[in-house]
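Asks: The following file, coords.cif, comprises mmCIF, C-alpha atoms and all ligand atoms:
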```
data_my_file
loop_
_atom_site.label_atom_id
_atom_site.label_comp_id
_atom_site.auth_asym_id
_atom_site.auth_seq_id
_atom_site.Cartn_x
_atom_site.Cartn_y
_atom_site.Cartn_z
CA MET A 1 7.36 -115.49 36.35
CA LEU A 2 7.78 -118.52 38.56
CA LEU A 3 11.10 -120.33 38.90
CA GLU A 4 10.43 -123.73 40.41
CA GLY A 5 12.88 -125.56 42.65
CA LYS A 6 12.55 -128.71 44.73
CA LEU A 7 12.03 -127.01 48.12
CA VAL A 8 11.28 -123.43 47.15
CA ASN A 9 10.06 -121.38 44.22
CA LEU A 10 11.18 -117.90 43.22
CA ARG A 11 8.20 -115.75 42.23
CA VAL A 12 8.80 -112.37 40.70
CA MET A 13 7.81 -109.72 43.21
CA GLU A 14 4.47 -108.05 42.48
CA LYS A 15 2.97 -104.82 43.82
CA GLU A 16 0.90 -106.75 46.39
CA ASP A 17 4.15 -107.99 47.97
CA LEU A 18 5.44 -104.48 48.73
CA PRO A 19 3.87 -104.08 52.21
CA LEU A 20 5.45 -107.34 53.37
CA PHE A 21 8.73 -106.42 51.71
CA ALA A 22 8.71 -103.00 53.45
CA GLU A 23 8.10 -104.72 56.78
CA TRP A 24 10.98 -107.15 56.15
CA VAL A 25 13.67 -104.70 55.00
CA ASN A 26 13.03 -102.33 57.89
CA LYS A 27 13.53 -105.08 60.46
CA PRO A 28 17.08 -105.55 61.81
CA GLU A 29 16.42 -109.30 62.34
CA PHE A 30 15.56 -109.74 58.65
CA LEU A 31 18.73 -108.01 57.45
CA GLY A 32 20.79 -110.04 59.90
CA GLU A 33 23.72 -108.86 61.95
CA TYR A 34 26.09 -108.63 58.96
CA ASN A 35 24.12 -106.14 56.89
CA PRO A 36 23.81 -102.41 57.58
CA LEU A 37 20.56 -101.28 59.17
CA ARG A 38 18.31 -99.25 56.92
CA GLN A 39 15.08 -97.33 57.11
CA ILE A 40 13.30 -97.33 53.77
CA SER A 41 9.91 -95.72 53.33
CA ARG A 42 7.03 -97.36 51.45
CA ALA A 43 7.29 -94.52 48.89
CA GLU A 44 10.97 -95.28 48.20
CA ILE A 45 10.23 -98.99 47.92
CA GLU A 46 7.43 -98.33 45.45
CA LYS A 47 9.66 -96.02 43.40
CA ASP A 48 12.37 -98.69 43.26
CA TYR A 49 9.82 -101.32 42.31
CA ASP A 50 8.52 -99.18 39.44
CA LYS A 51 12.09 -98.92 38.14
CA SER A 52 12.57 -102.69 38.13
CA SER A 53 13.34 -104.15 34.74
CA LEU A 54 14.94 -107.14 33.11
CA GLU A 55 18.25 -105.86 34.51
CA GLN A 56 16.96 -105.52 38.07
CA THR A 57 14.36 -107.93 39.41
CA GLY A 58 13.33 -108.99 42.90
CA PHE A 59 11.83 -112.39 43.68
CA ILE A 60 9.92 -113.59 46.71
CA ILE A 61 11.25 -116.94 47.93
CA GLU A 62 8.25 -119.17 48.62
CA LYS A 63 7.99 -122.58 50.15
CA LYS A 64 5.96 -125.18 48.26
CA ASP A 65 2.96 -124.44 50.51
CA GLY A 66 3.07 -120.81 49.37
CA GLY A 67 4.63 -119.46 52.59
CA LYS A 68 6.73 -116.37 51.88
CA ILE A 69 10.13 -116.84 53.46
CA GLY A 70 12.51 -114.41 51.85
CA TYR A 71 13.76 -112.27 49.03
CA ILE A 72 16.43 -112.66 46.36
CA CYS A 73 17.28 -110.20 43.64
CA HIS A 74 19.64 -109.44 40.79
CA PHE A 75 20.80 -106.03 39.66
CA ILE A 76 23.48 -104.39 37.54
CA LEU A 77 26.34 -102.40 38.98
CA GLY A 78 27.82 -99.89 36.55
CA HIS A 79 31.57 -100.25 36.00
CA PRO A 80 33.72 -98.34 33.50
CA VAL A 81 34.76 -101.55 31.74
CA GLY A 82 31.43 -103.33 31.69
CA LYS A 83 28.31 -104.36 33.54
CA LEU A 84 28.58 -106.34 36.77
CA LEU A 85 25.63 -108.63 37.46
CA GLU A 86 25.19 -108.96 41.22
CA ILE A 87 22.75 -110.81 43.46
CA GLY A 88 21.47 -110.21 47.01
CA TYR A 89 19.42 -112.56 49.25
CA PHE A 90 17.69 -112.73 52.64
CA LEU A 91 15.55 -115.24 54.50
CA VAL A 92 13.28 -114.62 57.48
CA PRO A 93 15.13 -115.75 60.64
CA SER A 94 12.84 -118.73 61.36
CA GLU A 95 13.60 -120.30 57.96
CA ARG A 96 17.39 -120.01 57.99
CA GLY A 97 19.70 -123.02 58.18
CA LYS A 98 17.27 -125.30 56.31
CA VAL A 99 19.00 -125.22 52.90
CA TYR A 100 16.36 -122.91 51.39
CA GLY A 101 18.97 -120.18 50.89
CA THR A 102 21.33 -122.47 48.99
CA GLU A 103 18.52 -123.69 46.77
CA ALA A 104 17.38 -120.13 46.04
CA LEU A 105 20.98 -119.30 45.02
CA ASN A 106 21.15 -122.31 42.71
CA ILE A 107 17.84 -121.33 41.10
CA ILE A 108 18.78 -117.72 40.47
CA VAL A 109 22.17 -118.73 39.02
CA ASP A 110 20.45 -121.18 36.63
CA TYR A 111 17.90 -118.53 35.68
CA LEU A 112 20.49 -115.82 35.05
CA PHE A 113 22.80 -117.97 32.94
CA LEU A 114 19.85 -119.43 31.01
CA SER A 115 18.23 -116.09 30.28
CA LYS A 116 21.03 -113.53 30.08
CA ASP A 117 24.11 -113.18 27.97
CA MET A 118 26.46 -112.63 30.89
CA THR A 119 29.81 -114.28 31.63
CA ARG A 120 29.79 -113.84 35.39
CA ILE A 121 27.51 -113.36 38.39
CA GLN A 122 28.87 -111.88 41.58
CA ALA A 123 27.87 -111.44 45.21
CA HIS A 124 29.55 -109.86 48.16
CA THR A 125 29.13 -110.79 51.75
CA GLU A 126 30.50 -109.65 55.09
CA LEU A 127 33.69 -111.41 56.15
CA ARG A 128 31.99 -113.01 59.17
CA ASN A 129 28.83 -114.12 57.37
CA ILE A 130 29.63 -117.84 57.23
CA ALA A 131 26.13 -119.03 56.22
CA SER A 132 26.16 -116.71 53.21
CA GLN A 133 29.67 -117.77 52.17
CA LYS A 134 28.88 -121.47 52.49
CA GLY A 135 25.68 -121.05 50.49
CA LEU A 136 27.57 -119.26 47.74
CA GLN A 137 30.25 -121.96 47.67
CA GLU A 138 27.57 -124.67 47.53
CA ALA A 139 26.07 -122.88 44.54
CA GLY A 140 29.45 -122.90 42.78
CA PHE A 141 30.74 -119.40 43.56
CA LYS A 142 34.46 -118.88 44.11
CA LYS A 143 36.07 -116.32 46.39
CA GLU A 144 37.77 -113.53 44.47
CA GLY A 145 39.14 -111.39 47.27
CA THR A 146 38.53 -109.01 50.13
CA LEU A 147 36.88 -105.63 49.78
CA ARG A 148 38.43 -103.89 52.75
CA LYS A 149 36.23 -101.62 54.86
CA LEU A 150 33.47 -101.72 52.27
CA PHE A 151 30.69 -100.52 54.53
CA PHE A 152 29.97 -99.11 57.95
CA ASN A 153 27.74 -101.25 60.15
CA ARG A 154 26.86 -101.03 63.82
CA GLY A 155 29.70 -98.71 64.75
CA GLU A 156 32.56 -100.13 62.71
CA TRP A 157 33.94 -100.50 59.20
CA ARG A 158 33.41 -104.01 57.91
CA ASP A 159 35.38 -105.99 55.33
CA ALA A 160 33.48 -107.94 52.69
CA LEU A 161 34.38 -110.86 50.46
CA LEU A 162 33.64 -110.79 46.76
CA TYR A 163 32.46 -114.06 45.22
CA SER A 164 31.68 -114.90 41.61
CA ILE A 165 30.67 -117.75 39.35
CA LEU A 166 31.62 -117.84 35.68
CA ARG A 167 29.46 -119.29 32.94
CA GLU A 168 32.09 -121.96 32.17
CA GLU A 169 32.12 -123.03 35.84
CA TRP A 170 28.34 -123.31 35.90
CA LYS A 171 28.32 -125.56 32.80
CA GLU A 172 24.64 -126.55 33.01
CA PRO A 173 21.52 -125.97 35.12
CA LYS A 174 21.43 -127.67 38.53
CA ILE A 175 17.72 -127.17 39.12
CA LEU A 176 15.96 -125.21 36.38
CA THR A 177 15.52 -126.64 32.96
CA LYS A 178 13.53 -123.79 31.50
CA THR A 179 12.29 -120.38 32.54
CA THR A 180 8.65 -119.48 32.26
CA ALA A 181 8.22 -116.05 30.75
CA GLN A 182 5.05 -114.62 32.21
CA SER A 183 6.53 -111.70 34.06
CA LYS A 184 5.29 -108.15 33.70
CA HIS A 185 8.90 -107.46 32.71
CA GLN A 186 8.99 -109.81 29.75
C1 LIG A 201 22.64 -116.13 54.16
C2 LIG A 201 21.35 -116.93 54.10
C3 LIG A 201 20.52 -116.48 52.88
C4 LIG A 201 21.76 -118.42 53.90
O1 LIG A 201 20.60 -119.20 53.69
P1 LIG A 201 20.28 -120.43 54.66
O2 LIG A 201 19.09 -121.12 54.09
O3 LIG A 201 20.22 -119.98 56.06
O4 LIG A 201 21.58 -121.34 54.47
P2 LIG A 201 21.59 -122.90 54.21
O5 LIG A 201 20.70 -123.60 55.16
O6 LIG A 201 21.35 -123.13 52.75
O7 LIG A 201 23.08 -123.26 54.62
C5 LIG A 201 24.20 -122.93 53.83
C6 LIG A 201 25.44 -123.38 54.58
O8 LIG A 201 25.67 -122.50 55.69
C7 LIG A 201 25.70 -123.23 56.92
N1 LIG A 201 25.03 -122.37 57.90
C8 LIG A 201 23.71 -122.05 57.95
N2 LIG A 201 23.49 -121.18 58.97
C9 LIG A 201 24.70 -120.99 59.56
C10 LIG A 201 25.12 -120.19 60.65
N3 LIG A 201 24.27 -119.43 61.35
N4 LIG A 201 26.44 -120.21 60.97
C11 LIG A 201 27.32 -120.96 60.26
N5 LIG A 201 26.98 -121.71 59.20
C12 LIG A 201 25.67 -121.73 58.87
C13 LIG A 201 24.96 -124.51 56.64
O9 LIG A 201 25.37 -125.54 57.49
C14 LIG A 201 25.36 -124.77 55.20
O10 LIG A 201 26.67 -125.28 55.17
P3 LIG A 201 27.04 -126.68 54.50
O11 LIG A 201 26.74 -126.48 53.04
O12 LIG A 201 28.49 -126.87 54.80
O13 LIG A 201 26.12 -127.67 55.15
C15 LIG A 201 20.48 -116.76 55.37
O14 LIG A 201 21.17 -117.30 56.46
C16 LIG A 201 20.11 -115.33 55.67
O15 LIG A 201 19.10 -114.86 55.18
N6 LIG A 201 20.89 -114.59 56.51
C17 LIG A 201 20.59 -113.21 56.87
C18 LIG A 201 20.68 -112.26 55.68
C19 LIG A 201 22.03 -112.34 55.01
O16 LIG A 201 23.07 -112.35 55.64
N7 LIG A 201 21.99 -112.35 53.66
C20 LIG A 201 23.19 -112.44 52.84
C21 LIG A 201 23.59 -111.09 52.46
S1 LIG A 201 25.17 -111.15 51.65
#
```
Taking this structure as input, can you express it in the form of structure tokens?
Replies:
Amino acid sequence: MLLEGKLVNLRVMEKEDLPLFAEWVNKPEFLGEYNPLRQISRAEIEKDYDKSSLEQTGFIIEKKDGGKIGYICHFILGHPVGKLLEIGYFLVPSERGKVYGTEALNIIVDYLFLSKDMTRIQAHTELRNIASQKGLQEAGFKKEGTLRKLFFNRGEWRDALLYSILREEWKEPKILTKTTAQSKHQ
């Protein structure tokens, strides 16, 4: 599946992307200073990939020349009262601050509201992660509140902010007009 934007496309992650993805997620610079450091083995990454489904999909963010510049995903968090649809996103350091992140957010929001019967999409971000918060706001997300001491990162407990966008706030697609259904998951 390919979701086409003006500056970037989101291409559903395929098995051939896993070595690059493993390299990215194990690099502190890729995660950025506001996300906890992780060490994930190729085997774990492959296992996760095999579990991916319509509810949990990763996309490679590509520039129009095909250059791979990041990753964006959606997944479901279980909650006693319902399903929470959440997104996560990362760009390689050299491609940050060029609006690619905001466009990728707009594309995934369009895609999710066009293709899934969900009323809300959420994201959380570290309190100090201004680029992430501004991107979310640009894509129509609203701040819901603070998740105090949500995670431990680089020696201290960090607060996070929860953002969401509701279907009625989205109203209509900003970028996508249709989704092409050629994924292995569809
Ligand atoms: C968060 C991230 C995806 C944002 O994408 P991006 O392409 O860099 O952001 P954009 O260029 O679209 O900019 C979005 C807004 O943030 C601002 N911004 C960008 N980088 C910034 C920085 N380092 N500090 C402060 N503001 C910044 C931009 O000016 C823009 O604001 P505006 O709409 O008022 O002009 C990207 O920076 C990233 O990958 N960071 C590391 C990983 C990460 O933190 N992921 C989020 C996990 S919650």
Asks: List every protein, DNA or RNA residue that has at least one atom no more than 12 Å from (34.8, -122.0, 35.6) in the file's coordinates, counting all atoms listed in the file, and write the result as number ranges by chain.
Replies: A: 119-121, 140-142, 164-172
Asks: Show me the residues close to (31.4, -110.7, 51.6) - anything with an atom within 8 Å, counting all atoms listed in the file - and format the list as a short mmCIF file (atom, residue, chain, number, x, y, z; two decimals) with C-alpha atoms, in the coordinates of the input.
Replies:
```cif
data_model
loop_
_atom_site.label_atom_id
_atom_site.label_comp_id
_atom_site.auth_asym_id
_atom_site.auth_seq_id
_atom_site.Cartn_x
_atom_site.Cartn_y
_atom_site.Cartn_z
CA ALA A 123 27.87 -111.44 45.21
CA HIS A 124 29.55 -109.86 48.16
CA THR A 125 29.13 -110.79 51.75
CA GLU A 126 30.50 -109.65 55.09
CA LEU A 127 33.69 -111.41 56.15
CA ARG A 128 31.99 -113.01 59.17
CA ASN A 129 28.83 -114.12 57.37
CA GLN A 133 29.67 -117.77 52.17
CA THR A 146 38.53 -109.01 50.13
CA LEU A 147 36.88 -105.63 49.78
CA ASP A 159 35.38 -105.99 55.33
CA ALA A 160 33.48 -107.94 52.69
CA LEU A 161 34.38 -110.86 50.46
CA LEU A 162 33.64 -110.79 46.76
CA TYR A 163 32.46 -114.06 45.22
#
```
Asks: Figure out the distance between atom C1 of ligand LIG 201 (chain A) and CA of Phe30 (chain A), please, to one decimal in Å.
Replies: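 A separation of 10.5 Å between them.
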Asks: Which residue, A:Glu138, A:Glu14, A:Glu144, A:Glu4, has the smallest gap to ligand LIG 201 (chain A) when you use all atoms listed in the file?
Replies: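 Ranking A:Glu138, A:Glu14, A:Glu144, A:Glu4 by distance to ligand LIG 201 (chain A), first place goes to A:Glu138.
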Asks: Which residue gives the smallest distance to ligand LIG 201 (chain A) among A:Lys134, A:Arg42, A:Lys116, A:Lys83, with all atoms listed in the file counted?
Replies: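 That would be A:Lys134, the residue with the smallest distance to ligand LIG 201 (chain A).
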Asks: Around ligand LIG 201 (chain A), out to 10 Å and counting all atoms listed in the file, which residues are there? I want them as a compact mmCIF listing (two decimals) with C-alpha atoms, keeping the file's coordinate frame.
Replies:
```txt
# COMPACT_ATOMS: atom_id res chain seq x y z
CA PRO A 28 17.08 -105.55 61.81
CA GLU A 29 16.42 -109.30 62.34
CA PHE A 30 15.56 -109.74 58.65
CA LEU A 31 18.73 -108.01 57.45
CA GLY A 32 20.79 -110.04 59.90
CA GLU A 33 23.72 -108.86 61.95
CA TYR A 34 26.09 -108.63 58.96
CA ASN A 35 24.12 -106.14 56.89
CA ILE A 69 10.13 -116.84 53.46
CA GLY A 70 12.51 -114.41 51.85
CA TYR A 71 13.76 -112.27 49.03
CA ILE A 72 16.43 -112.66 46.36
CA ILE A 87 22.75 -110.81 43.46
CA GLY A 88 21.47 -110.21 47.01
CA TYR A 89 19.42 -112.56 49.25
CA PHE A 90 17.69 -112.73 52.64
CA LEU A 91 15.55 -115.24 54.50
CA VAL A 92 13.28 -114.62 57.48
CA PRO A 93 15.13 -115.75 60.64
CA SER A 94 12.84 -118.73 61.36
CA GLU A 95 13.60 -120.30 57.96
CA ARG A 96 17.39 -120.01 57.99
CA GLY A 97 19.70 -123.02 58.18
CA LYS A 98 17.27 -125.30 56.31
CA VAL A 99 19.00 -125.22 52.90
CA TYR A 100 16.36 -122.91 51.39
CA GLY A 101 18.97 -120.18 50.89
CA THR A 102 21.33 -122.47 48.99
CA GLU A 103 18.52 -123.69 46.77
CA ALA A 104 17.38 -120.13 46.04
CA LEU A 105 20.98 -119.30 45.02
CA ALA A 123 27.87 -111.44 45.21
CA HIS A 124 29.55 -109.86 48.16
CA THR A 125 29.13 -110.79 51.75
CA GLU A 126 30.50 -109.65 55.09
CA LEU A 127 33.69 -111.41 56.15
CA ARG A 128 31.99 -113.01 59.17
CA ASN A 129 28.83 -114.12 57.37
CA ILE A 130 29.63 -117.84 57.23
CA ALA A 131 26.13 -119.03 56.22
CA SER A 132 26.16 -116.71 53.21
CA GLN A 133 29.67 -117.77 52.17
CA LYS A 134 28.88 -121.47 52.49
CA GLY A 135 25.68 -121.05 50.49
CA LEU A 136 27.57 -119.26 47.74
CA GLN A 137 30.25 -121.96 47.67
CA GLU A 138 27.57 -124.67 47.53
CA ALA A 139 26.07 -122.88 44.54
CA ALA A 160 33.48 -107.94 52.69
CA LEU A 161 34.38 -110.86 50.46
CA LEU A 162 33.64 -110.79 46.76
```
Asks: One decimal, in Å: what's the spacing between CA of Phe59 (chain A) and CA of Cys73 (chain A)?
Replies: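 CA of Phe59 (chain A) sits 5.9 Å away from CA of Cys73 (chain A).
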Asks: Figure out the distance between CA of Asn26 (chain A) and CA of Gln39 (chain A), please, to one decimal in Å.
Replies: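 About the pair CA of Gln39 (chain A) and CA of Asn26 (chain A): they are 5.5 Å apart.
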Asks: Taking into account only C-alpha atoms, which residue in the set A:Glu62, A:Ala43, A:Tyr111, A:Asp50 is nearest to His74 (chain A)?
Replies: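 Looking only at the distances to His74 (chain A), the closest residue turns out to be A:Tyr111.
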Asks: Could you check which of A:Pro36, A:Lys63, A:Ser115, A:Lys174 is closest to Arg154 (chain A), using all atoms listed in the file?
Replies: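 Among the listed residues, A:Pro36 lies closest to Arg154 (chain A).
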Asks: Using only C-alpha atoms, pick whichever of A:Phe151, A:Pro173, A:Ser41, A:Glu23 has the shortest atom-to-atom distance to Phe113 (chain A).
Replies: A:Pro173
Asks: Have a look at A:Asn106, A:Leu85, A:Gly78, A:Lys27 and name the one nearest to Glu55 (chain A); count only C-alpha atoms.
Replies: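 Using only C-alpha atoms, the shortest distance to Glu55 (chain A) belongs to A:Leu85.
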Asks: Compile the contact shell of Ile175 (chain A) as number ranges by chain: residues with an atom at most 8 Å away, counting all atoms listed in the file, same-chain residues fewer than 3 positions apart removed.
Replies: A: 5-6, 106-107, 110
Asks: How would region 32-63 of chain A read, as a PDB file, in the frame of the given file, once N, CA and C atoms are built in?
Replies:
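result38.pdb, written as the output of this step:
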```pdb
ATOM      1  N   GLY A  32      19.739-109.252  59.271  1.00  0.00           N
ATOM      2  CA  GLY A  32      20.790-110.040  59.900  1.00  0.00           C
ATOM      3  C   GLY A  32      21.908-109.138  60.405  1.00  0.00           C
ATOM      4  N   GLU A  33      22.730-109.705  61.278  1.00  0.00           N
ATOM      5  CA  GLU A  33      23.720-108.860  61.950  1.00  0.00           C
ATOM      6  C   GLU A  33      24.840-108.373  61.019  1.00  0.00           C
ATOM      7  N   TYR A  34      24.967-108.972  59.830  1.00  0.00           N
ATOM      8  CA  TYR A  34      26.090-108.630  58.960  1.00  0.00           C
ATOM      9  C   TYR A  34      25.733-107.596  57.892  1.00  0.00           C
ATOM     10  N   ASN A  35      24.505-107.139  57.894  1.00  0.00           N
ATOM     11  CA  ASN A  35      24.120-106.140  56.890  1.00  0.00           C
ATOM     12  C   ASN A  35      23.752-104.834  57.582  1.00  0.00           C
ATOM     13  N   PRO A  36      24.097-103.700  56.961  1.00  0.00           N
ATOM     14  CA  PRO A  36      23.810-102.410  57.580  1.00  0.00           C
ATOM     15  C   PRO A  36      22.303-102.210  57.793  1.00  0.00           C
ATOM     16  N   LEU A  37      21.968-101.582  58.891  1.00  0.00           N
ATOM     17  CA  LEU A  37      20.560-101.280  59.170  1.00  0.00           C
ATOM     18  C   LEU A  37      20.097-100.182  58.228  1.00  0.00           C
ATOM     19  N   ARG A  38      18.832-100.278  57.828  1.00  0.00           N
ATOM     20  CA  ARG A  38      18.310 -99.250  56.920  1.00  0.00           C
ATOM     21  C   ARG A  38      16.892 -98.899  57.342  1.00  0.00           C
ATOM     22  N   GLN A  39      16.476 -97.707  56.979  1.00  0.00           N
ATOM     23  CA  GLN A  39      15.080 -97.330  57.110  1.00  0.00           C
ATOM     24  C   GLN A  39      14.636 -96.908  55.720  1.00  0.00           C
ATOM     25  N   ILE A  40      13.752 -97.664  55.125  1.00  0.00           N
ATOM     26  CA  ILE A  40      13.300 -97.330  53.770  1.00  0.00           C
ATOM     27  C   ILE A  40      11.795 -97.139  53.807  1.00  0.00           C
ATOM     28  N   SER A  41      11.347 -96.003  53.272  1.00  0.00           N
ATOM     29  CA  SER A  41       9.910 -95.720  53.330  1.00  0.00           C
ATOM     30  C   SER A  41       9.176 -96.524  52.252  1.00  0.00           C
ATOM     31  N   ARG A  42       7.859 -96.678  52.446  1.00  0.00           N
ATOM     32  CA  ARG A  42       7.030 -97.360  51.450  1.00  0.00           C
ATOM     33  C   ARG A  42       7.154 -96.650  50.103  1.00  0.00           C
ATOM     34  N   ALA A  43       7.215 -95.288  50.148  1.00  0.00           N
ATOM     35  CA  ALA A  43       7.290 -94.520  48.890  1.00  0.00           C
ATOM     36  C   ALA A  43       8.573 -94.862  48.138  1.00  0.00           C
ATOM     37  N   GLU A  44       9.696 -94.944  48.864  1.00  0.00           N
ATOM     38  CA  GLU A  44      10.970 -95.280  48.200  1.00  0.00           C
ATOM     39  C   GLU A  44      10.920 -96.689  47.616  1.00  0.00           C
ATOM     40  N   ILE A  45      10.325 -97.598  48.389  1.00  0.00           N
ATOM     41  CA  ILE A  45      10.230 -98.990  47.920  1.00  0.00           C
ATOM     42  C   ILE A  45       9.384 -99.061  46.651  1.00  0.00           C
ATOM     43  N   GLU A  46       8.293 -98.308  46.635  1.00  0.00           N
ATOM     44  CA  GLU A  46       7.430 -98.330  45.450  1.00  0.00           C
ATOM     45  C   GLU A  46       8.138 -97.729  44.241  1.00  0.00           C
ATOM     46  N   LYS A  47       8.918 -96.660  44.495  1.00  0.00           N
ATOM     47  CA  LYS A  47       9.660 -96.020  43.400  1.00  0.00           C
ATOM     48  C   LYS A  47      10.673 -97.011  42.807  1.00  0.00           C
ATOM     49  N   ASP A  48      11.380 -97.690  43.686  1.00  0.00           N
ATOM     50  CA  ASP A  48      12.370 -98.690  43.260  1.00  0.00           C
ATOM     51  C   ASP A  48      11.708 -99.796  42.456  1.00  0.00           C
ATOM     52  N   TYR A  49      10.542-100.235  42.967  1.00  0.00           N
ATOM     53  CA  TYR A  49       9.820-101.320  42.310  1.00  0.00           C
ATOM     54  C   TYR A  49       9.409-100.899  40.893  1.00  0.00           C
ATOM     55  N   ASP A  50       8.955 -99.653  40.761  1.00  0.00           N
ATOM     56  CA  ASP A  50       8.520 -99.180  39.440  1.00  0.00           C
ATOM     57  C   ASP A  50       9.692 -99.112  38.471  1.00  0.00           C
ATOM     58  N   LYS A  51      10.906 -98.988  39.015  1.00  0.00           N
ATOM     59  CA  LYS A  51      12.090 -98.920  38.140  1.00  0.00           C
ATOM     60  C   LYS A  51      12.582-100.308  37.753  1.00  0.00           C
ATOM     61  N   SER A  52      12.011-101.357  38.380  1.00  0.00           N
ATOM     62  CA  SER A  52      12.570-102.690  38.130  1.00  0.00           C
ATOM     63  C   SER A  52      12.367-103.070  36.671  1.00  0.00           C
ATOM     64  N   SER A  53      13.295-103.849  36.168  1.00  0.00           N
ATOM     65  CA  SER A  53      13.340-104.150  34.740  1.00  0.00           C
ATOM     66  C   SER A  53      13.977-105.518  34.571  1.00  0.00           C
ATOM     67  N   LEU A  54      14.254-105.875  33.335  1.00  0.00           N
ATOM     68  CA  LEU A  54      14.940-107.140  33.110  1.00  0.00           C
ATOM     69  C   LEU A  54      16.316-107.146  33.763  1.00  0.00           C
ATOM     70  N   GLU A  55      16.909-105.946  33.913  1.00  0.00           N
ATOM     71  CA  GLU A  55      18.250-105.860  34.510  1.00  0.00           C
ATOM     72  C   GLU A  55      18.201-105.900  36.028  1.00  0.00           C
ATOM     73  N   GLN A  56      17.056-105.614  36.609  1.00  0.00           N
ATOM     74  CA  GLN A  56      16.960-105.520  38.070  1.00  0.00           C
ATOM     75  C   GLN A  56      15.611-106.079  38.510  1.00  0.00           C
ATOM     76  N   THR A  57      15.627-107.278  39.050  1.00  0.00           N
ATOM     77  CA  THR A  57      14.360-107.930  39.410  1.00  0.00           C
ATOM     78  C   THR A  57      14.460-108.527  40.805  1.00  0.00           C
ATOM     79  N   GLY A  58      13.407-108.368  41.579  1.00  0.00           N
ATOM     80  CA  GLY A  58      13.330-108.990  42.900  1.00  0.00           C
ATOM     81  C   GLY A  58      12.371-110.162  42.862  1.00  0.00           C
ATOM     82  N   PHE A  59      12.693-111.206  43.588  1.00  0.00           N
ATOM     83  CA  PHE A  59      11.830-112.390  43.680  1.00  0.00           C
ATOM     84  C   PHE A  59      11.507-112.657  45.142  1.00  0.00           C
ATOM     85  N   ILE A  60      10.285-113.077  45.395  1.00  0.00           N
ATOM     86  CA  ILE A  60       9.920-113.590  46.710  1.00  0.00           C
ATOM     87  C   ILE A  60      10.270-115.081  46.716  1.00  0.00           C
ATOM     88  N   ILE A  61      10.956-115.513  47.774  1.00  0.00           N
ATOM     89  CA  ILE A  61      11.250-116.940  47.930  1.00  0.00           C
ATOM     90  C   ILE A  61      10.061-117.553  48.662  1.00  0.00           C
ATOM     91  N   GLU A  62       9.438-118.541  48.025  1.00  0.00           N
ATOM     92  CA  GLU A  62       8.250-119.170  48.620  1.00  0.00           C
ATOM     93  C   GLU A  62       8.481-120.647  48.837  1.00  0.00           C
ATOM     94  N   LYS A  63       7.966-121.133  49.942  1.00  0.00           N
ATOM     95  CA  LYS A  63       7.990-122.580  50.150  1.00  0.00           C
ATOM     96  C   LYS A  63       6.908-123.197  49.250  1.00  0.00           C
TER      97      LYS A  63
END
```
